[in-house]
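Trainee: So I've got this file, structure.pdb, and it contains PDB, C-alpha atoms:
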```
ATOM      1  CA  MET F  30      25.375   1.783 -18.063  1.00  0.00           C
ATOM      2  CA  SER F  31      25.926  -1.606 -19.620  1.00  0.00           C
ATOM      3  CA  GLY F  32      25.677  -1.993 -23.340  1.00  0.00           C
ATOM      4  CA  SER F  33      28.236   0.593 -24.404  1.00  0.00           C
ATOM      5  CA  LYS F  34      31.946   1.030 -23.999  1.00  0.00           C
ATOM      6  CA  ILE F  35      32.504   3.401 -21.153  1.00  0.00           C
ATOM      7  CA  SER F  36      35.730   5.286 -20.626  1.00  0.00           C
ATOM      8  CA  GLY F  37      36.203   8.926 -19.994  1.00  0.00           C
ATOM      9  CA  SER F  38      39.312  10.985 -20.490  1.00  0.00           C
ATOM     10  CA  ASP F  39      39.460  11.404 -16.716  1.00  0.00           C
ATOM     11  CA  GLY F  40      39.623   7.699 -15.950  1.00  0.00           C
ATOM     12  CA  LEU F  41      40.369   4.182 -17.052  1.00  0.00           C
ATOM     13  CA  GLY F  42      36.723   3.137 -17.487  1.00  0.00           C
ATOM     14  CA  LEU F  43      35.672  -0.353 -16.503  1.00  0.00           C
ATOM     15  CA  ILE F  44      38.437  -2.671 -15.349  1.00  0.00           C
ATOM     16  CA  PHE F  45      37.548  -6.376 -15.263  1.00  0.00           C
ATOM     17  CA  LEU F  46      39.879  -8.525 -13.160  1.00  0.00           C
ATOM     18  CA  ILE F  47      39.997 -12.137 -14.308  1.00  0.00           C
ATOM     19  CA  GLY F  48      41.951 -15.193 -13.240  1.00  0.00           C
ATOM     20  CA  PHE F  49      41.697 -18.438 -11.333  1.00  0.00           C
ATOM     21  CA  MET F  50      40.064 -18.557  -7.913  1.00  0.00           C
ATOM     22  CA  GLY F  51      42.585 -17.483  -5.303  1.00  0.00           C
ATOM     23  CA  SER F  52      44.506 -15.213  -7.683  1.00  0.00           C
ATOM     24  CA  GLY F  53      43.632 -12.116  -5.654  1.00  0.00           C
ATOM     25  CA  LYS F  54      40.982 -10.549  -7.877  1.00  0.00           C
ATOM     26  CA  THR F  55      38.799  -9.383  -4.990  1.00  0.00           C
ATOM     27  CA  THR F  56      41.576  -8.279  -2.632  1.00  0.00           C
ATOM     28  CA  LEU F  57      43.546  -6.481  -5.341  1.00  0.00           C
ATOM     29  CA  GLY F  58      40.341  -5.132  -6.893  1.00  0.00           C
ATOM     30  CA  ARG F  59      39.265  -3.470  -3.640  1.00  0.00           C
ATOM     31  CA  LYS F  60      42.691  -1.881  -3.201  1.00  0.00           C
ATOM     32  CA  LEU F  61      42.880  -0.717  -6.819  1.00  0.00           C
ATOM     33  CA  ALA F  62      39.368   0.763  -6.694  1.00  0.00           C
ATOM     34  CA  HIS F  63      40.190   2.597  -3.453  1.00  0.00           C
ATOM     35  CA  ARG F  64      43.445   3.905  -4.932  1.00  0.00           C
ATOM     36  CA  LEU F  65      41.687   5.159  -8.080  1.00  0.00           C
ATOM     37  CA  GLY F  66      38.580   6.451  -6.297  1.00  0.00           C
ATOM     38  CA  TYR F  67      36.445   3.992  -8.289  1.00  0.00           C
ATOM     39  CA  GLU F  68      33.548   1.781  -7.315  1.00  0.00           C
ATOM     40  CA  PHE F  69      34.495  -1.835  -6.586  1.00  0.00           C
ATOM     41  CA  MET F  70      32.084  -4.583  -7.636  1.00  0.00           C
ATOM     42  CA  ASP F  71      32.405  -8.316  -7.032  1.00  0.00           C
ATOM     43  CA  LEU F  72      30.231 -10.133  -9.576  1.00  0.00           C
ATOM     44  CA  ASP F  73      30.110 -13.245  -7.364  1.00  0.00           C
ATOM     45  CA  HIS F  74      28.526 -11.189  -4.563  1.00  0.00           C
ATOM     46  CA  ILE F  75      26.068  -9.574  -6.978  1.00  0.00           C
ATOM     47  CA  LEU F  76      25.116 -13.021  -8.310  1.00  0.00           C
ATOM     48  CA  GLU F  77      24.596 -14.382  -4.782  1.00  0.00           C
ATOM     49  CA  ALA F  78      22.394 -11.406  -3.868  1.00  0.00           C
ATOM     50  CA  GLN F  79      20.279 -11.881  -6.992  1.00  0.00           C
ATOM     51  CA  ALA F  80      20.019 -15.663  -6.529  1.00  0.00           C
ATOM     52  CA  GLY F  81      19.304 -15.410  -2.809  1.00  0.00           C
ATOM     53  CA  MET F  82      21.860 -18.136  -2.067  1.00  0.00           C
ATOM     54  CA  THR F  83      25.569 -18.816  -2.188  1.00  0.00           C
ATOM     55  CA  ILE F  84      27.248 -19.866  -5.412  1.00  0.00           C
ATOM     56  CA  ALA F  85      27.909 -23.297  -3.891  1.00  0.00           C
ATOM     57  CA  GLU F  86      24.199 -23.688  -3.058  1.00  0.00           C
ATOM     58  CA  TYR F  87      23.154 -22.514  -6.534  1.00  0.00           C
ATOM     59  CA  PHE F  88      25.623 -24.885  -8.173  1.00  0.00           C
ATOM     60  CA  THR F  89      24.310 -27.815  -6.098  1.00  0.00           C
ATOM     61  CA  GLN F  90      20.635 -27.000  -6.624  1.00  0.00           C
ATOM     62  CA  PHE F  91      20.624 -26.040 -10.313  1.00  0.00           C
ATOM     63  CA  GLY F  92      23.885 -27.372 -11.793  1.00  0.00           C
ATOM     64  CA  GLU F  93      26.785 -25.794 -13.637  1.00  0.00           C
ATOM     65  CA  ASP F  94      24.925 -24.990 -16.869  1.00  0.00           C
ATOM     66  CA  ALA F  95      22.294 -22.917 -15.057  1.00  0.00           C
ATOM     67  CA  PHE F  96      24.991 -21.240 -12.973  1.00  0.00           C
ATOM     68  CA  ARG F  97      27.065 -20.261 -16.024  1.00  0.00           C
ATOM     69  CA  LYS F  98      23.971 -18.815 -17.722  1.00  0.00           C
ATOM     70  CA  LEU F  99      23.070 -16.751 -14.651  1.00  0.00           C
ATOM     71  CA  GLU F 100      26.712 -15.636 -14.278  1.00  0.00           C
ATOM     72  CA  SER F 101      26.744 -14.387 -17.881  1.00  0.00           C
ATOM     73  CA  GLU F 102      23.440 -12.546 -17.374  1.00  0.00           C
ATOM     74  CA  VAL F 103      24.763 -10.873 -14.218  1.00  0.00           C
ATOM     75  CA  LEU F 104      27.897  -9.762 -16.110  1.00  0.00           C
ATOM     76  CA  LYS F 105      25.946  -8.246 -18.985  1.00  0.00           C
ATOM     77  CA  GLN F 106      22.947  -6.816 -17.122  1.00  0.00           C
ATOM     78  CA  THR F 107      24.612  -5.214 -14.115  1.00  0.00           C
ATOM     79  CA  PRO F 108      24.547  -1.400 -14.322  1.00  0.00           C
ATOM     80  CA  TYR F 109      28.137  -0.163 -14.016  1.00  0.00           C
ATOM     81  CA  LEU F 110      29.400   3.297 -13.206  1.00  0.00           C
ATOM     82  CA  ALA F 111      31.697   4.899 -15.789  1.00  0.00           C
ATOM     83  CA  ASN F 112      34.771   4.049 -13.698  1.00  0.00           C
ATOM     84  CA  ALA F 113      34.695   0.787 -11.748  1.00  0.00           C
ATOM     85  CA  VAL F 114      36.882  -2.175 -10.877  1.00  0.00           C
ATOM     86  CA  ILE F 115      35.000  -5.453 -11.293  1.00  0.00           C
ATOM     87  CA  SER F 116      36.150  -8.772  -9.871  1.00  0.00           C
ATOM     88  CA  THR F 117      34.800 -11.753 -11.839  1.00  0.00           C
ATOM     89  CA  GLY F 118      34.365 -15.421 -11.046  1.00  0.00           C
ATOM     90  CA  GLY F 119      37.253 -17.631 -12.124  1.00  0.00           C
ATOM     91  CA  GLY F 120      35.271 -19.464 -14.797  1.00  0.00           C
ATOM     92  CA  LEU F 121      33.288 -16.513 -16.148  1.00  0.00           C
ATOM     93  CA  PRO F 122      35.701 -15.638 -19.017  1.00  0.00           C
ATOM     94  CA  CYS F 123      35.526 -19.224 -20.308  1.00  0.00           C
ATOM     95  CA  PHE F 124      31.826 -19.408 -21.179  1.00  0.00           C
ATOM     96  CA  PHE F 125      29.593 -17.958 -23.869  1.00  0.00           C
ATOM     97  CA  ASP F 126      30.974 -14.677 -25.249  1.00  0.00           C
ATOM     98  CA  ASN F 127      31.820 -13.292 -21.817  1.00  0.00           C
ATOM     99  CA  MET F 128      35.489 -12.589 -22.568  1.00  0.00           C
ATOM    100  CA  GLU F 129      34.625 -10.780 -25.781  1.00  0.00           C
ATOM    101  CA  TRP F 130      31.930  -8.802 -23.980  1.00  0.00           C
ATOM    102  CA  MET F 131      34.319  -7.679 -21.247  1.00  0.00           C
ATOM    103  CA  ASN F 132      36.984  -6.718 -23.810  1.00  0.00           C
ATOM    104  CA  ALA F 133      34.401  -4.677 -25.723  1.00  0.00           C
ATOM    105  CA  HIS F 134      33.109  -2.861 -22.625  1.00  0.00           C
ATOM    106  CA  GLY F 135      36.260  -2.235 -20.621  1.00  0.00           C
ATOM    107  CA  LYS F 136      39.823  -3.274 -19.979  1.00  0.00           C
ATOM    108  CA  THR F 137      40.466  -6.873 -18.906  1.00  0.00           C
ATOM    109  CA  VAL F 138      43.347  -7.827 -16.624  1.00  0.00           C
ATOM    110  CA  TYR F 139      44.429 -11.449 -16.163  1.00  0.00           C
ATOM    111  CA  ILE F 140      46.120 -11.929 -12.786  1.00  0.00           C
ATOM    112  CA  LYS F 141      48.324 -14.945 -13.439  1.00  0.00           C
ATOM    113  CA  LEU F 142      49.699 -17.255 -10.737  1.00  0.00           C
ATOM    114  CA  SER F 143      51.319 -20.691 -10.806  1.00  0.00           C
ATOM    115  CA  PRO F 144      49.248 -23.766  -9.873  1.00  0.00           C
ATOM    116  CA  LYS F 145      51.450 -24.290  -6.799  1.00  0.00           C
ATOM    117  CA  MET F 146      50.913 -20.720  -5.538  1.00  0.00           C
ATOM    118  CA  LEU F 147      47.160 -20.966  -6.183  1.00  0.00           C
ATOM    119  CA  ALA F 148      47.022 -24.283  -4.295  1.00  0.00           C
ATOM    120  CA  THR F 149      48.823 -22.693  -1.337  1.00  0.00           C
ATOM    121  CA  ARG F 150      46.335 -19.829  -1.279  1.00  0.00           C
ATOM    122  CA  LEU F 151      43.288 -22.092  -1.688  1.00  0.00           C
ATOM    123  CA  GLN F 152      44.269 -24.851   0.752  1.00  0.00           C
ATOM    124  CA  ASN F 153      42.258 -23.323   3.620  1.00  0.00           C
ATOM    125  CA  GLU F 154      39.231 -22.237   1.583  1.00  0.00           C
ATOM    126  CA  LYS F 155      37.766 -25.648   0.776  1.00  0.00           C
ATOM    127  CA  ASP F 156      34.546 -24.962   2.688  1.00  0.00           C
ATOM    128  CA  LYS F 157      33.845 -21.930   0.498  1.00  0.00           C
ATOM    129  CA  ARG F 158      34.949 -23.669  -2.700  1.00  0.00           C
ATOM    130  CA  PRO F 159      33.222 -27.063  -3.010  1.00  0.00           C
ATOM    131  CA  VAL F 160      35.035 -27.984  -6.245  1.00  0.00           C
ATOM    132  CA  LEU F 161      38.252 -28.214  -4.188  1.00  0.00           C
ATOM    133  CA  ARG F 162      36.976 -30.337  -1.283  1.00  0.00           C
ATOM    134  CA  GLU F 163      38.269 -33.642  -2.640  1.00  0.00           C
ATOM    135  CA  HIS F 164      41.741 -32.322  -3.510  1.00  0.00           C
ATOM    136  CA  LYS F 165      44.791 -31.752  -1.320  1.00  0.00           C
ATOM    137  CA  GLY F 166      48.547 -31.482  -1.659  1.00  0.00           C
ATOM    138  CA  ASP F 167      49.972 -32.514  -5.026  1.00  0.00           C
ATOM    139  CA  ASP F 168      46.500 -33.565  -6.203  1.00  0.00           C
ATOM    140  CA  LEU F 169      45.238 -30.014  -5.650  1.00  0.00           C
ATOM    141  CA  VAL F 170      48.188 -28.601  -7.617  1.00  0.00           C
ATOM    142  CA  ALA F 171      47.498 -31.068 -10.458  1.00  0.00           C
ATOM    143  CA  PHE F 172      43.769 -30.239 -10.427  1.00  0.00           C
ATOM    144  CA  ILE F 173      44.511 -26.505 -10.672  1.00  0.00           C
ATOM    145  CA  ALA F 174      47.120 -27.079 -13.403  1.00  0.00           C
ATOM    146  CA  GLY F 175      44.536 -28.990 -15.457  1.00  0.00           C
ATOM    147  CA  LYS F 176      41.930 -26.273 -15.038  1.00  0.00           C
ATOM    148  CA  LEU F 177      44.441 -23.563 -15.948  1.00  0.00           C
ATOM    149  CA  GLU F 178      45.388 -25.471 -19.084  1.00  0.00           C
ATOM    150  CA  GLU F 179      41.708 -25.392 -20.119  1.00  0.00           C
ATOM    151  CA  ARG F 180      41.190 -21.750 -19.165  1.00  0.00           C
ATOM    152  CA  ASP F 181      44.429 -20.078 -20.258  1.00  0.00           C
ATOM    153  CA  LYS F 182      43.229 -19.721 -23.866  1.00  0.00           C
ATOM    154  CA  PHE F 183      40.422 -17.526 -22.532  1.00  0.00           C
ATOM    155  CA  TYR F 184      42.396 -15.749 -19.817  1.00  0.00           C
ATOM    156  CA  ASN F 185      45.171 -14.853 -22.262  1.00  0.00           C
ATOM    157  CA  ARG F 186      42.701 -12.858 -24.386  1.00  0.00           C
ATOM    158  CA  ALA F 187      42.843 -10.182 -21.692  1.00  0.00           C
ATOM    159  CA  ALA F 188      44.113  -6.741 -22.664  1.00  0.00           C
ATOM    160  CA  VAL F 189      46.649  -7.031 -19.829  1.00  0.00           C
ATOM    161  CA  VAL F 190      48.266 -10.257 -18.638  1.00  0.00           C
ATOM    162  CA  THR F 191      50.348  -9.771 -15.501  1.00  0.00           C
ATOM    163  CA  GLU F 192      52.112 -11.946 -12.955  1.00  0.00           C
ATOM    164  CA  GLY F 193      50.145 -11.812  -9.717  1.00  0.00           C
ATOM    165  CA  LEU F 194      52.772 -12.967  -7.222  1.00  0.00           C
ATOM    166  CA  SER F 195      54.083  -9.543  -6.188  1.00  0.00           C
ATOM    167  CA  LEU F 196      51.361  -7.468  -7.804  1.00  0.00           C
ATOM    168  CA  THR F 197      50.178  -4.449  -5.813  1.00  0.00           C
ATOM    169  CA  ALA F 198      47.459  -1.936  -6.549  1.00  0.00           C
ATOM    170  CA  GLU F 199      50.180   0.630  -7.249  1.00  0.00           C
ATOM    171  CA  LYS F 200      51.911  -1.627  -9.778  1.00  0.00           C
ATOM    172  CA  LEU F 201      48.620  -2.502 -11.455  1.00  0.00           C
ATOM    173  CA  GLU F 202      47.641   1.162 -11.737  1.00  0.00           C
ATOM    174  CA  TRP F 203      50.997   1.892 -13.404  1.00  0.00           C
ATOM    175  CA  ILE F 204      50.505  -1.020 -15.847  1.00  0.00           C
ATOM    176  CA  LEU F 205      47.010   0.176 -16.734  1.00  0.00           C
ATOM    177  CA  ARG F 206      48.149   3.760 -17.342  1.00  0.00           C
ATOM    178  CA  HIS F 207      51.134   2.848 -19.553  1.00  0.00           C
TER     179      HIS F 207
END
```
What would you get if you wrote out this structure as C-alpha cells?

Mentor:
Amino acid sequence: MSGSKISGSDGLGLIFLIGFMGSGKTTLGRKLAHRLGYEFMDLDHILEAQAGMTIAEYFTQFGEDAFRKLESEVLKQTPYLANAVISTGGGLPCFFDNMEWMNAHGKTVYIKLSPKMLATRLQNEKDKRPVLREHKGDDLVAFIAGKLEERDKFYNRAAVVTEGLSLTAEKLEWILRH
C-alpha cells in the first residue's frame, strides 16, 4: 500500500529504521517486528531479490548512481502492510527525496552509534561490505566518522533519534509509543 500514509489506531504504522551500516537496523528491526506482531522487511534483501545479485555485485557492475536510483525505486514501489518495520540501507536516507518520503509515509527512527562502536561492529564484515575493505583500525574509525558527518544532516531528520548502544526492542517500542 505505498503512496499513502498508513497508520491505524491499533498500531504504529510503518516504522523505517535508518542509520549507518552496523547500527543494528536489521537485528533490532526483526526483534521489534516480532514484539509488535508486525511484518519485518529488509529493503536491502528486497533490492537484491529484484536485482538478482548482491548489492556489492550491483554496485560493481552498474555503479553507485544506478544503485541509488534502484534503491529509491525499491523504497517507493514496495507494497507495505499497514503495520511493518522496515530496515533501510545506510545511505538510502541521503539520496533523492527518500528521507522526506519515509517521513511522509511512516515513522523514521535513526539508530545512532559512535564511529568507534560502528567500526568495532563492522571490523569482521569487510567481505560483505566492499566499501570497508581498504580500512582498518583508526583508519576505519576515521572513514566512518567522515561518512557520518556527511549523513547526519539526513539521519537527524528522523522523527525519532535514539542512541543505539543499549537499545532493545522493548526500549524502542516504549519510545515509539510515547

Trainee: Where does stretch 35-140 of chain F meet stretch 148-165 of chain F within 8 Å, residue by residue, with the nearest atom pair and distance in Å to one decimal for each, counting all atoms listed in the file, listed by chain and rising number, as a tab-separated table?

Mentor:
```
residue	atom	partner	partner_atom	distance
F:Met50	CA	F:Leu151	CA	7.9
F:Gly51	CA	F:Leu151	CA	5.9
F:Ala85	CA	F:Pro159	CA	6.6
```

Trainee: Report as a compact mmCIF listing (two decimals) with C-alpha atoms, in the coordinates of the input all protein, DNA and RNA residues lying within 10 Å of stretch 175-180 of chain F, evaluated on all atoms listed in the file, omitting residues in the same chain fewer than 6 positions from it.

Mentor:
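Wrote result22.txt, looks like this:
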```
# COMPACT_ATOMS: atom_id res chain seq x y z
CA GLY F 48 41.95 -15.19 -13.24
CA PHE F 49 41.70 -18.44 -11.33
CA GLY F 119 37.25 -17.63 -12.12
CA GLY F 120 35.27 -19.46 -14.80
CA LEU F 121 33.29 -16.51 -16.15
CA PRO F 122 35.70 -15.64 -19.02
CA CYS F 123 35.53 -19.22 -20.31
CA PHE F 124 31.83 -19.41 -21.18
CA LYS F 141 48.32 -14.94 -13.44
CA LEU F 142 49.70 -17.26 -10.74
CA SER F 143 51.32 -20.69 -10.81
CA PRO F 144 49.25 -23.77 -9.87
CA LEU F 169 45.24 -30.01 -5.65
```

Trainee: Which of these, F:Thr55, F:Ser101, F:Gln90, F:Thr117, has the shortest distance to F:Leu72 once you count only C-alpha atoms?

Mentor: F:Thr117

Trainee: Suppose you want the space between atom CA of F:Gly118 and atom CA of F:Asp73; what is it in Å?

Mentor: 6.0 Å

Trainee: Could you please determine the separation between atom CA of F:Ala188 and atom CA of F:Lys136 in Å, to one decimal place?

Mentor: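 Between these atoms lies a distance of 6.1 Å.
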
Trainee: With distances taken over all atoms listed in the file, which of F:Leu61, F:Leu104, F:Ile47, F:Ala95 is nearest to F:Trp130?

Mentor: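 Residue with the minimum atom-to-atom distance to F:Trp130: F:Leu104.
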
Trainee: Apply the PyMOL selection byres ((chain F and resi 193) around 6) to the file shown and report the selected residues as a list of chain:residue names.

Mentor: F:Ile140, F:Lys141, F:Leu142, F:Glu192, F:Leu194, F:Ser195, F:Leu196

Trainee: Taking the file as shown, find all residues satisfying the PyMOL selection byres ((chain F and resi 205) around 9) and write them as a PyMOL selection string.

Mentor: chain F and resi 41+136+138+189+200-204+206-207

Trainee: I want to know what sits within 12 Å of F:Glu77, based on all atoms listed in the file, with residues of the same chain fewer than 4 positions away left out; could you give that as JSON, numbers by chain?

Mentor: {"F": [71, 72, 73, 81, 82, 83, 84, 85, 86, 87, 88, 96, 99, 100, 103, 118]}

Trainee: So which one's closest to F:Asp126, F:Lys60, F:Lys54, F:His74, F:Arg186? Using only C-alpha atoms, please.

Mentor: F:Arg186

Trainee: When you draw a straight line from atom CA of F:Ala80 to atom CA of F:Tyr109, how long is it in Å?

Mentor: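 A separation of 19.0 Å between them.
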
Trainee: Output stretch 56-78 of chain F with N, CA and C atoms present, as a tab-separated table (two decimals), in the coordinates of the input.

Mentor:
```tsv
chain	number	residue	atom	x	y	z
F	56	THR	N	40.70	-9.05	-3.51
F	56	THR	CA	41.58	-8.28	-2.63
F	56	THR	C	42.25	-7.15	-3.40
F	57	LEU	N	42.86	-7.49	-4.53
F	57	LEU	CA	43.55	-6.48	-5.34
F	57	LEU	C	42.54	-5.49	-5.92
F	58	GLY	N	41.38	-6.00	-6.33
F	58	GLY	CA	40.34	-5.13	-6.89
F	58	GLY	C	39.88	-4.07	-5.92
F	59	ARG	N	39.67	-4.44	-4.66
F	59	ARG	CA	39.26	-3.47	-3.64
F	59	ARG	C	40.33	-2.39	-3.47
F	60	LYS	N	41.59	-2.83	-3.40
F	60	LYS	CA	42.69	-1.88	-3.20
F	60	LYS	C	42.86	-0.96	-4.41
F	61	LEU	N	42.75	-1.52	-5.61
F	61	LEU	CA	42.88	-0.72	-6.82
F	61	LEU	C	41.74	0.30	-6.90
F	62	ALA	N	40.52	-0.14	-6.64
F	62	ALA	CA	39.37	0.76	-6.69
F	62	ALA	C	39.54	1.90	-5.68
F	63	HIS	N	39.98	1.57	-4.48
F	63	HIS	CA	40.19	2.60	-3.45
F	63	HIS	C	41.25	3.59	-3.92
F	64	ARG	N	42.34	3.07	-4.46
F	64	ARG	CA	43.44	3.90	-4.93
F	64	ARG	C	42.99	4.86	-6.04
F	65	LEU	N	42.14	4.36	-6.94
F	65	LEU	CA	41.69	5.16	-8.08
F	65	LEU	C	40.46	6.02	-7.76
F	66	GLY	N	39.82	5.76	-6.62
F	66	GLY	CA	38.58	6.45	-6.30
F	66	GLY	C	37.41	5.91	-7.11
F	67	TYR	N	37.48	4.65	-7.49
F	67	TYR	CA	36.44	3.99	-8.29
F	67	TYR	C	35.54	3.13	-7.41
F	68	GLU	N	34.42	2.76	-7.96
F	68	GLU	CA	33.55	1.78	-7.32
F	68	GLU	C	34.19	0.41	-7.49
F	69	PHE	N	34.07	-0.44	-6.46
F	69	PHE	CA	34.49	-1.84	-6.59
F	69	PHE	C	33.25	-2.70	-6.60
F	70	MET	N	33.22	-3.66	-7.53
F	70	MET	CA	32.08	-4.58	-7.64
F	70	MET	C	32.62	-6.00	-7.76
F	71	ASP	N	32.06	-6.90	-6.96
F	71	ASP	CA	32.40	-8.32	-7.03
F	71	ASP	C	31.21	-9.04	-7.65
F	72	LEU	N	31.36	-9.51	-8.88
F	72	LEU	CA	30.23	-10.13	-9.58
F	72	LEU	C	29.71	-11.37	-8.85
F	73	ASP	N	30.59	-12.09	-8.14
F	73	ASP	CA	30.11	-13.24	-7.36
F	73	ASP	C	29.13	-12.80	-6.28
F	74	HIS	N	29.43	-11.69	-5.61
F	74	HIS	CA	28.53	-11.19	-4.56
F	74	HIS	C	27.21	-10.69	-5.15
F	75	ILE	N	27.28	-10.04	-6.31
F	75	ILE	CA	26.07	-9.57	-6.98
F	75	ILE	C	25.20	-10.76	-7.38
F	76	LEU	N	25.84	-11.80	-7.92
F	76	LEU	CA	25.12	-13.02	-8.31
F	76	LEU	C	24.44	-13.66	-7.10
F	77	GLU	N	25.17	-13.78	-5.99
F	77	GLU	CA	24.60	-14.38	-4.78
F	77	GLU	C	23.41	-13.58	-4.27
F	78	ALA	N	23.51	-12.25	-4.32
F	78	ALA	CA	22.39	-11.41	-3.87
F	78	ALA	C	21.17	-11.60	-4.76
```
